[in-house]
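K.L.:
The following block contains the structure, expressed as structure tokens.
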Number of protein chains: 2
Amino acid sequence: MIRTFIPAHITAFFVPKFNENPLLAGSLGAGVNLNKGVNLFLNLEGGVERHIHVAFDGKPVGKESAKISYSVADEIIPKENIGEVEIWQYFDFPNGYGFGNSAGGALGTALALAYVFKNKTFLQASQIAHKYEVLNKGGLGDVIAQVHGGIEIRVKAGAPGIGVVDNIFFEDYKILAVPLGRLSTRNVLDSDVVKIIEVEGQKALRELLKEPKVENLMRLSRSFAENTGLLSGELLEIAKELDKVLKLPSSMVMLGKSLFAFLKDGEISNVQEVLKDLSIERYEICDVWRGRPKVERWIGE
Amino acid sequence: MIRTFIPAHITAFFVPKFNENPLLAGSLGAGVNLNKGVNLFLNLEGGVERHIHVAFDGKPVGKESAKISYSVADEIIPKENIGEVEIWQYFDFPNGYGFGNSAGGALGTALALAYVFKNKTFLQASQIAHKYEVLNKGGLGDVIAQVHGGIEIRVKAGAPGIGVVDNIFFEDYKILAVPLGRLSTRNVLDSDVVKIIEVEGQKALRELLKEPKVENLMRLSRSFAENTGLLSGELLEIAKELDKVLKLPSSMVMLGKSLFAFLKDGEISNVQEVLKDLSIERYEICDVWRGRPKVERWIGE
């Protein structure tokens with residue numbers, strides 16, 4: 001059994017970069033990787049045919065519901081491999097809420113299979129995950145961000161090995177993540193909002209690179225979220241409630257109806273109180289995941 | 001006090017890529033990062049002038065002997081910073097034997113300072129380390145390899161953020177590292193051997209990418225070392241003695257009079273016996289360092 005852990009990835013702001021070649025498509029922007037995300041277990045069994053099975057949170061899912069993972073697996077598993085390949089994906093955050101689950105599942109699938117079959121390098125496997133993410137409009141920048149970890153700035157768009165990701169130094173911050181609802185990445189990227197996103201995202205990136213600090217990241221992230229009109233209504237009201245007890249502004253997870261904030265230890269109990277008052281029960285307080293994804297042989301029990 | 005750990009980096013084979021722009025200079029090739037290397041402690045003290053102090057293994061060194069680290073520090077420390085900056089570097093391997101000490105010291109210095117002053121991103125700091133390494137002919141590919149960790153393939157030359165580094169998946173190998181003597185990188189790179197190195201290095205890289213496996217890496221590394229004439233005489237004799245008890249061929253560290261080999265657990269005691277018979281007392285058996293360099297605030301005692 002092989003276990004991989006791929007961090008959840010929150011995008012703080014972004015500039016989509018579309019391209020007919022999926023390896024050149026991607027995004028510019030910034031975000032943060034969390035120590036919660038996708039845990040994936042790969043199990044190989046004997047058999048007389050070439051079979052791939054994918055399960056989300058313990059429930060088998062068909063090809064249509066897990067198209068990205070199936071495509072990744074089909075490309076990496078050697079054509080001559082006979083037997084059952086089981087890919088068990090467990091998610092710490094709900095699907096569609098903006099935490100990079102689909103990229104995490106794709107990347108975890110790719111790395112676990114390349115680890116077992118030793119037929120692809122790390123970048124080759126990651127590129128296959130990126131390619132199917134992009135082709136299926138799962139996302140643009142999550143895979144390369146998850147490959148790097150930390151608080152990241154995507155300074156050149158593209159797949160791992162083509163795009164370039166930088167990191168910001170930081171100390172002592174925890175991340176509050178509040179998943180509140182779904183938002184279709186596909187719908188937003190297909191709409192006119194994309195033009196405002198491009199202008200505001202470029203502006204935020206320029207400003208962040210001038211002063212690459214967490215405090216600046218959160219100010220820029222919040223401006224981006226409000227200026228693009230994506231953060232509005234009830235979500236904005238909740239963000240404002242959180243701000244009352246936080247030093248740095250909270251902001252919106254791109255793209256989900258979800259919020260996030262950077263916390264110092266002393267702020268945790270106050271923010272928990274606010275969430276309780278708002279009757280919000282589902283949230284996570286995470287550490288930043290600083291490293292590469294984890295891939296290892298796993299001996300259970 | 002800030003602590004950084006930068007892995008020792010062994011180059012297995014390489015193709016030097018010279019360029020007037022030090023950020024475009026670098027190397028192609030492959031190698032491995034170890035869980036021993038350079039531990040660096042950064043300490044800031046008050047003072048009335050802007051001072052930088054560097055010490056190797058506890059002994060203060062002057063600007064001429066630690067030109068790379070001094071240059072890196074001078075560029076990153078803000079011009080207006082008044083006071084003493086102490087950079088204590090401790091090396092697990094001897095200097096000049098091919099384990100990337102100078103790059104490790106430069107990168108550790110850069111990352112520790114950027115972590116304290118929060119005035120550079122991870123890539124900006126790494127590029128400054130790479131630049132002075134190249135300008136002072138300390139090495140070409142160590143910094144970017146150390147940034148990535150693992151068993152690495154440099155597929156595009158250049159500084160971090162410009163060059164591209166891939167990784168190979170592997171399981172259960174330990175690395176034997178035997179430092180036997182110095183070899184001047186500068187002398188080799190200034191000689192005619194460079195032409196053979198370029199041809200043999202390109203060939204090895206092509207072959208490794210066709211089949212990106214540890215077993216292939218070591219076969220290609222050994223051919224490279226012998227075909228370039230760098231591994232010869234007594235060093236080659238010792239390599240052959242090690243080979244007698246190992247499954248994979250041992251090879252030469254580029255560039256030092258040093259040897260390395262990949263070991264499975266069952267091979268350790270046999271190889272230790274051979275080293276004892278050869279009266280070689282100084283060697284390390286390491287794990288592969290899989291991640292990014294470590295940078296953290298450190299509370300001693």
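Ordering of the structure tokens sets the chain letters (A, B, ...); residue numbers start at 1 within each chain; ligands are numbered from 1 in the order shown.
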Hey, list the chain B side of the contact with chain A: 7 Å cut-off, only C-alpha atoms, answer as a ChimeraX atom specification.
P.N.:
/B:115,118-123,161,164,166-169,212-213,291-292
K.L.:
Could the residues in this selection be saved with N, CA, C and O atoms as a compact mmCIF listing (two decimals), in the first residue's frame?
P.N.:
# COMPACT_ATOMS: atom_id res chain seq x y z
N TYR B 115 14.79 34.98 6.03
CA TYR B 115 13.80 34.58 7.04
C TYR B 115 13.70 35.64 8.14
O TYR B 115 12.62 35.97 8.60
N LYS B 118 12.78 39.23 6.22
CA LYS B 118 11.55 39.14 5.42
C LYS B 118 11.56 40.14 4.26
O LYS B 118 10.53 40.73 3.91
N ASN B 119 12.74 40.35 3.69
CA ASN B 119 12.88 41.32 2.60
C ASN B 119 13.13 40.66 1.25
O ASN B 119 13.23 41.34 0.23
N LYS B 120 13.24 39.34 1.22
CA LYS B 120 13.43 38.60 -0.03
C LYS B 120 12.53 37.38 0.01
O LYS B 120 12.27 36.81 1.08
N THR B 121 12.07 36.94 -1.16
CA THR B 121 11.34 35.68 -1.24
C THR B 121 12.36 34.53 -1.21
O THR B 121 13.58 34.74 -1.29
N PHE B 122 11.83 33.32 -1.15
CA PHE B 122 12.68 32.13 -1.15
C PHE B 122 13.55 32.09 -2.42
O PHE B 122 14.76 31.85 -2.35
N LEU B 123 12.94 32.32 -3.57
CA LEU B 123 13.72 32.25 -4.82
C LEU B 123 14.70 33.40 -4.95
O LEU B 123 15.82 33.22 -5.45
N GLY B 161 14.50 28.97 -9.88
CA GLY B 161 13.51 29.84 -10.53
C GLY B 161 13.75 29.97 -12.03
O GLY B 161 12.88 30.42 -12.76
N VAL B 164 15.60 23.99 -14.04
CA VAL B 164 14.53 23.06 -13.66
C VAL B 164 15.16 21.78 -13.12
O VAL B 164 16.06 21.21 -13.74
N ASP B 166 14.29 17.92 -11.59
CA ASP B 166 13.32 16.84 -11.46
C ASP B 166 13.80 15.89 -10.35
O ASP B 166 14.91 16.03 -9.86
N ASN B 167 12.94 14.97 -9.94
CA ASN B 167 13.33 13.98 -8.92
C ASN B 167 12.98 12.57 -9.39
O ASN B 167 12.03 12.37 -10.13
N ILE B 168 13.75 11.61 -8.89
CA ILE B 168 13.51 10.19 -9.16
C ILE B 168 12.85 9.57 -7.93
O ILE B 168 13.24 9.88 -6.80
N PHE B 169 11.89 8.70 -8.14
CA PHE B 169 11.32 7.95 -7.01
C PHE B 169 12.24 6.77 -6.67
O PHE B 169 12.85 6.17 -7.55
N PRO B 212 14.26 6.50 -15.63
CA PRO B 212 14.65 7.30 -14.45
C PRO B 212 14.65 6.48 -13.16
O PRO B 212 13.77 6.63 -12.32
N LYS B 213 15.63 5.62 -13.02
CA LYS B 213 15.71 4.74 -11.84
C LYS B 213 17.09 4.86 -11.20
O LYS B 213 18.09 5.10 -11.88
N GLY B 291 13.43 16.61 1.33
CA GLY B 291 12.63 17.84 1.23
C GLY B 291 13.43 19.07 0.87
O GLY B 291 14.54 19.02 0.36
N ARG B 292 12.80 20.21 1.11
CA ARG B 292 13.45 21.50 0.97
C ARG B 292 14.42 21.70 2.13
O ARG B 292 14.35 20.99 3.14
K.L.:
Taking the DSSP secondary structure from the backbone, can you list the residues of range 20-196 of chain A that are helix (DSSP H, G or I), as a ChimeraX atom specification?
P.N.:
/A:67-76,101-117,122-135,142-148,185-189,193-196
K.L.:
With only C-alpha atoms as the counted atoms, please give the residues lying no more than 10 Å from range 231-234 of chain B, apart from itself and same-chain residues fewer than 2 positions off, as an MDAnalysis selection string.
P.N.:
chainID B and resid 222:229 236:240 251:254 257:259
K.L.:
Could the residues in this selection be saved with C-alpha atoms as a PDB file, in the first residue's frame?
P.N.:
ATOM      1  CA  ARG B 222      30.187   5.148 -12.901  1.00  0.00           C
ATOM      2  CA  SER B 223      30.568   5.168 -16.704  1.00  0.00           C
ATOM      3  CA  PHE B 224      30.747   8.964 -16.636  1.00  0.00           C
ATOM      4  CA  ALA B 225      33.424   8.909 -13.918  1.00  0.00           C
ATOM      5  CA  GLU B 226      35.572   6.392 -15.752  1.00  0.00           C
ATOM      6  CA  ASN B 227      35.043   7.669 -19.299  1.00  0.00           C
ATOM      7  CA  THR B 228      36.030  11.214 -18.345  1.00  0.00           C
ATOM      8  CA  GLY B 229      39.186   9.872 -16.698  1.00  0.00           C
ATOM      9  CA  LEU B 236      39.221   3.577  -8.853  1.00  0.00           C
ATOM     10  CA  GLU B 237      40.885   0.719  -6.973  1.00  0.00           C
ATOM     11  CA  ILE B 238      38.914   1.584  -3.837  1.00  0.00           C
ATOM     12  CA  ALA B 239      35.683   1.824  -5.863  1.00  0.00           C
ATOM     13  CA  LYS B 240      36.320  -1.682  -7.197  1.00  0.00           C
ATOM     14  CA  SER B 251      31.023   5.963  -8.136  1.00  0.00           C
ATOM     15  CA  MET B 252      32.950   9.177  -7.733  1.00  0.00           C
ATOM     16  CA  VAL B 253      31.664  12.387  -6.184  1.00  0.00           C
ATOM     17  CA  MET B 254      31.839  15.238  -8.737  1.00  0.00           C
ATOM     18  CA  LYS B 257      38.451  12.846  -4.434  1.00  0.00           C
ATOM     19  CA  SER B 258      35.512  11.090  -2.819  1.00  0.00           C
ATOM     20  CA  LEU B 259      33.346   8.056  -3.482  1.00  0.00           C
TER      21      LEU B 259
END
K.L.:
Determine which residues of range 29-272 of chain A DSSP labels as strand (DSSP E or B) from the backbone of this structure, then write them out as an MDAnalysis selection string.
P.N.:
chainID A and resid 29:45 50:56 59:61 83:91 151:156 164:167 174:181 251:252 254 257:263
K.L.:
If we count only C-alpha atoms and set the cut-off at 12 Å, which residues sit around Asn187 in chain B, ignoring sequence neighbours fewer than 4 positions away in its own chain? Please answer as an MDAnalysis selection string.
P.N.:
chainID B and resid 137:139 182:183 191:194 255:256
K.L.:
Would you put the residues from that selection into a file with N, CA, C and O atoms, as a tab-separated table (two decimals), in the first residue's frame?
P.N.:
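What ended up in selection.tsv:
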chain	number	residue	atom	x	y	z
B	137	LYS	N	33.22	30.65	-8.67
B	137	LYS	CA	33.52	29.28	-9.11
B	137	LYS	C	33.50	28.26	-7.97
B	137	LYS	O	34.29	27.33	-7.92
B	138	GLY	N	32.58	28.47	-7.03
B	138	GLY	CA	32.38	27.46	-5.98
B	138	GLY	C	31.73	26.23	-6.57
B	138	GLY	O	32.03	25.09	-6.20
B	139	GLY	N	30.83	26.43	-7.50
B	139	GLY	CA	30.12	25.32	-8.15
B	139	GLY	C	29.06	25.90	-9.07
B	139	GLY	O	28.87	27.12	-9.10
B	182	ARG	N	40.77	16.35	-1.60
B	182	ARG	CA	40.28	17.53	-2.27
B	182	ARG	C	40.49	17.45	-3.77
B	182	ARG	O	41.40	16.77	-4.25
B	183	LEU	N	39.65	18.17	-4.50
B	183	LEU	CA	39.85	18.32	-5.93
B	183	LEU	C	39.29	19.70	-6.24
B	183	LEU	O	38.18	20.03	-5.83
B	191	SER	N	40.06	23.25	-17.32
B	191	SER	CA	40.94	22.39	-18.13
B	191	SER	C	40.21	21.82	-19.34
B	191	SER	O	39.02	22.04	-19.54
B	192	ASP	N	40.96	21.06	-20.15
B	192	ASP	CA	40.39	20.47	-21.37
B	192	ASP	C	39.43	19.32	-21.09
B	192	ASP	O	38.67	18.91	-21.97
B	193	VAL	N	39.49	18.78	-19.87
B	193	VAL	CA	38.59	17.67	-19.52
B	193	VAL	C	37.13	18.08	-19.70
B	193	VAL	O	36.26	17.23	-19.92
B	194	VAL	N	36.88	19.40	-19.63
B	194	VAL	CA	35.51	19.89	-19.76
B	194	VAL	C	34.83	19.38	-21.02
B	194	VAL	O	33.65	19.05	-21.01
B	255	LEU	N	32.67	17.33	-7.69
B	255	LEU	CA	34.07	17.08	-7.94
B	255	LEU	C	34.84	17.08	-6.64
B	255	LEU	O	35.02	18.12	-6.01
B	256	GLY	N	35.26	15.90	-6.25
B	256	GLY	CA	36.11	15.73	-5.08
B	256	GLY	C	36.78	14.38	-5.20
B	256	GLY	O	36.31	13.53	-5.97
K.L.:
Could you tell me which of B:Tyr132, B:Trp88, B:Phe56, B:Trp289 comes closest to Leu107 in chain B if we count only C-alpha atoms?
P.N.:
B:Tyr132
K.L.:
Please identify all polymer residues within 9 Å of Phe18 in chain B, counting only C-alpha atoms, omitting same-chain residues fewer than 5 positions from it, and present them as number ranges by chain.
P.N.:
B: 24-27, 140
K.L.:
Can you work out the spacing between CA of Pro249 in chain B and CA of Ile144 in chain B in Å, to one decimal?
P.N.:
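Answer for the CA of Pro249 in chain B to CA of Ile144 in chain B separation: 26.0 Å.
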